[in-house]
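Input: a single structure, listed below in structure tokens.
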Amino acid sequence: MEETNIKDQESYSFDVIGHACRDYYETHDDHLSIEVWCNVAETDIIPVNYLFRSYPQMPTLEQTALHHCRGHVLDIGACAGPHTLYLQQEGYRVTALESSPGACEVMKMRGVRDIVEGDFFQIPTNRQYDTLLMMMNGIGITGSLDRLGEFFSVARRLMAPDGQILVDSSDLRYLFMEDDGSLLIQLNNKYYGEVEYRMSYKGEKGRRFPWLFIDDQLLDYYAQKHGFRMERLEEGNHFDYLARLTL
């Protein structure tokens with residue numbers, strides 16, 4: 001194998017999402033899947049076609065969030081662009097923010113008009129948005145409770161006057177429930193919603209990364225602590241919820 005190909009593979013192996021999205025875009029093979037390892041649950045599988053879901057295929061919480069969008073929307077963690085494309089079709093001005101180069105390339109080919117490739121915590125704050133959209137537990141990018149202060153600081157600079165954050169998340173307490181309903185949680189340990197993930201696709205492994213799931217009461221507490229107020233818009237069927245955060 002030529003050296004250039006080796007380098008390409010080394011640099012691309014960490015972009016699991018991008019690789020999978022490009023394959024699906026080119027083949028439309030519904031059998032493609034991403035393996036997701038987690039330190040608190042069994043290894044899971046994400047069908048790649050789910051990253052390309054249409055509006056009718058989206059969970060109710062996502063559909064509700066899209067109906068609550070307003071003004072200029074920043075779709076944070078846009079992936080292959082399902083939410084961005086829906087909002088574009090509905091006439092919204094929407095910017096897709098995504099850290100995966102491969103996913104950004106796929107979004108461009110799919111017709112997403114405004115793409116920012118990068119990390120939320122490093123995004124330029126010269127533009128402001130009326131809605132920060134964070135679906136599929138988008139607030140997980142904070143990784144831990146300790147980084148929520150930084151998150152709210154960046155969000156405040158990105159939000160236009162009367163702006164909003166729409167975010168869904170889950171309470172992972174169900175992973176620690178005993179048959180009698182008690183919780184098997186060590187209170188001296190870190191928050192049970194702070195987990196570690198690693199994804200792989202066709203044998204290519206990405207880096208391990210921290211991810212945060214936060215229950216609604218704790219999110220409400222941290223929101224108030226940093227000058228935001230939280231409104232619960234909808235409850236899901238399995239300890240998940242949709243919330244709106246405003247200043």
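Labeling convention for the structure tokens: chains A, B, ... as they appear, residues from 1 per chain, ligands from 1 in order of appearance.
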List every residue of segment 100-181 of chain A that has an atom at most 8 Å from any atom of segment 201-210 of chain A, giving for each one its closest atom pair and the distance in Å to one decimal, counting only C-alpha atoms, sorted by chain and then by ascending residue number, as JSON lines.
{"residue": "A:Ile141", "atom": "CA", "partner": "A:Pro210", "partner_atom": "CA", "distance": 7.8}
{"residue": "A:Gly143", "atom": "CA", "partner": "A:Pro210", "partner_atom": "CA", "distance": 4.6}
{"residue": "A:Ser144", "atom": "CA", "partner": "A:Pro210", "partner_atom": "CA", "distance": 7.3}
Spatial neighbours of Leu85 of chain A, max dist 9 Å, only C-alpha atoms, sep filter under 2 positions, as a list in words: Gly81, Pro82, His83, Leu87, Gln88, Gln89, Glu90, Val94, Met107, Arg110, Gly111 and Val112 of chain A
Hey, can you spit out that residue selection with N, CA and C atoms as a PDB file, in the first residue's frame?
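As written to disk, again-v2.pdb reads:
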ATOM      1  N   GLY A  81     -27.313  15.886   8.543  1.00  0.00           N
ATOM      2  CA  GLY A  81     -28.192  17.008   8.250  1.00  0.00           C
ATOM      3  C   GLY A  81     -29.684  16.755   8.205  1.00  0.00           C
ATOM      4  N   PRO A  82     -30.224  15.742   8.892  1.00  0.00           N
ATOM      5  CA  PRO A  82     -31.676  15.520   8.790  1.00  0.00           C
ATOM      6  C   PRO A  82     -32.515  16.691   9.291  1.00  0.00           C
ATOM      7  N   HIS A  83     -32.118  17.282  10.415  1.00  0.00           N
ATOM      8  CA  HIS A  83     -32.885  18.406  10.951  1.00  0.00           C
ATOM      9  C   HIS A  83     -32.657  19.667  10.127  1.00  0.00           C
ATOM     10  N   LEU A  87     -35.571  21.839   8.141  1.00  0.00           N
ATOM     11  CA  LEU A  87     -35.793  23.258   8.420  1.00  0.00           C
ATOM     12  C   LEU A  87     -35.585  24.110   7.167  1.00  0.00           C
ATOM     13  N   GLN A  88     -34.583  23.766   6.364  1.00  0.00           N
ATOM     14  CA  GLN A  88     -34.385  24.467   5.089  1.00  0.00           C
ATOM     15  C   GLN A  88     -35.637  24.370   4.219  1.00  0.00           C
ATOM     16  N   GLN A  89     -36.185  23.177   4.131  1.00  0.00           N
ATOM     17  CA  GLN A  89     -37.367  22.951   3.292  1.00  0.00           C
ATOM     18  C   GLN A  89     -38.573  23.728   3.810  1.00  0.00           C
ATOM     19  N   GLU A  90     -38.585  23.962   5.129  1.00  0.00           N
ATOM     20  CA  GLU A  90     -39.685  24.717   5.727  1.00  0.00           C
ATOM     21  C   GLU A  90     -39.456  26.226   5.667  1.00  0.00           C
ATOM     22  N   VAL A  94     -30.931  28.368   8.426  1.00  0.00           N
ATOM     23  CA  VAL A  94     -30.343  27.404   9.354  1.00  0.00           C
ATOM     24  C   VAL A  94     -28.878  27.174   9.013  1.00  0.00           C
ATOM     25  N   MET A 107     -23.254  16.480   3.966  1.00  0.00           N
ATOM     26  CA  MET A 107     -24.291  17.505   4.050  1.00  0.00           C
ATOM     27  C   MET A 107     -24.249  18.435   2.848  1.00  0.00           C
ATOM     28  N   ARG A 110     -25.762  16.818  -0.013  1.00  0.00           N
ATOM     29  CA  ARG A 110     -27.213  16.650   0.166  1.00  0.00           C
ATOM     30  C   ARG A 110     -27.976  17.964   0.017  1.00  0.00           C
ATOM     31  N   GLY A 111     -27.236  19.068  -0.086  1.00  0.00           N
ATOM     32  CA  GLY A 111     -27.909  20.336  -0.327  1.00  0.00           C
ATOM     33  C   GLY A 111     -27.980  21.279   0.844  1.00  0.00           C
ATOM     34  N   VAL A 112     -27.274  20.976   1.937  1.00  0.00           N
ATOM     35  CA  VAL A 112     -27.228  21.915   3.062  1.00  0.00           C
ATOM     36  C   VAL A 112     -26.438  23.148   2.622  1.00  0.00           C
TER      37      VAL A 112
END
Distance in Å - atom CA of Ile165 of chain A versus atom CA of Gly140 of chain A: 13.9 Å
From the list A:Val195, A:Ile34, A:Leu166, A:Leu148, which residue is nearest Phe121 of chain A when using only C-alpha atoms?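 Closest to Phe121 of chain A, using only C-alpha atoms: A:Leu148.
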Can you list, as a PyMOL selection string, every residue of segment 9-137 of chain A that DSSP puts in alpha helix (DSSP H)? chain A and resi 9-12+16-27+60-68+82-89+101-110
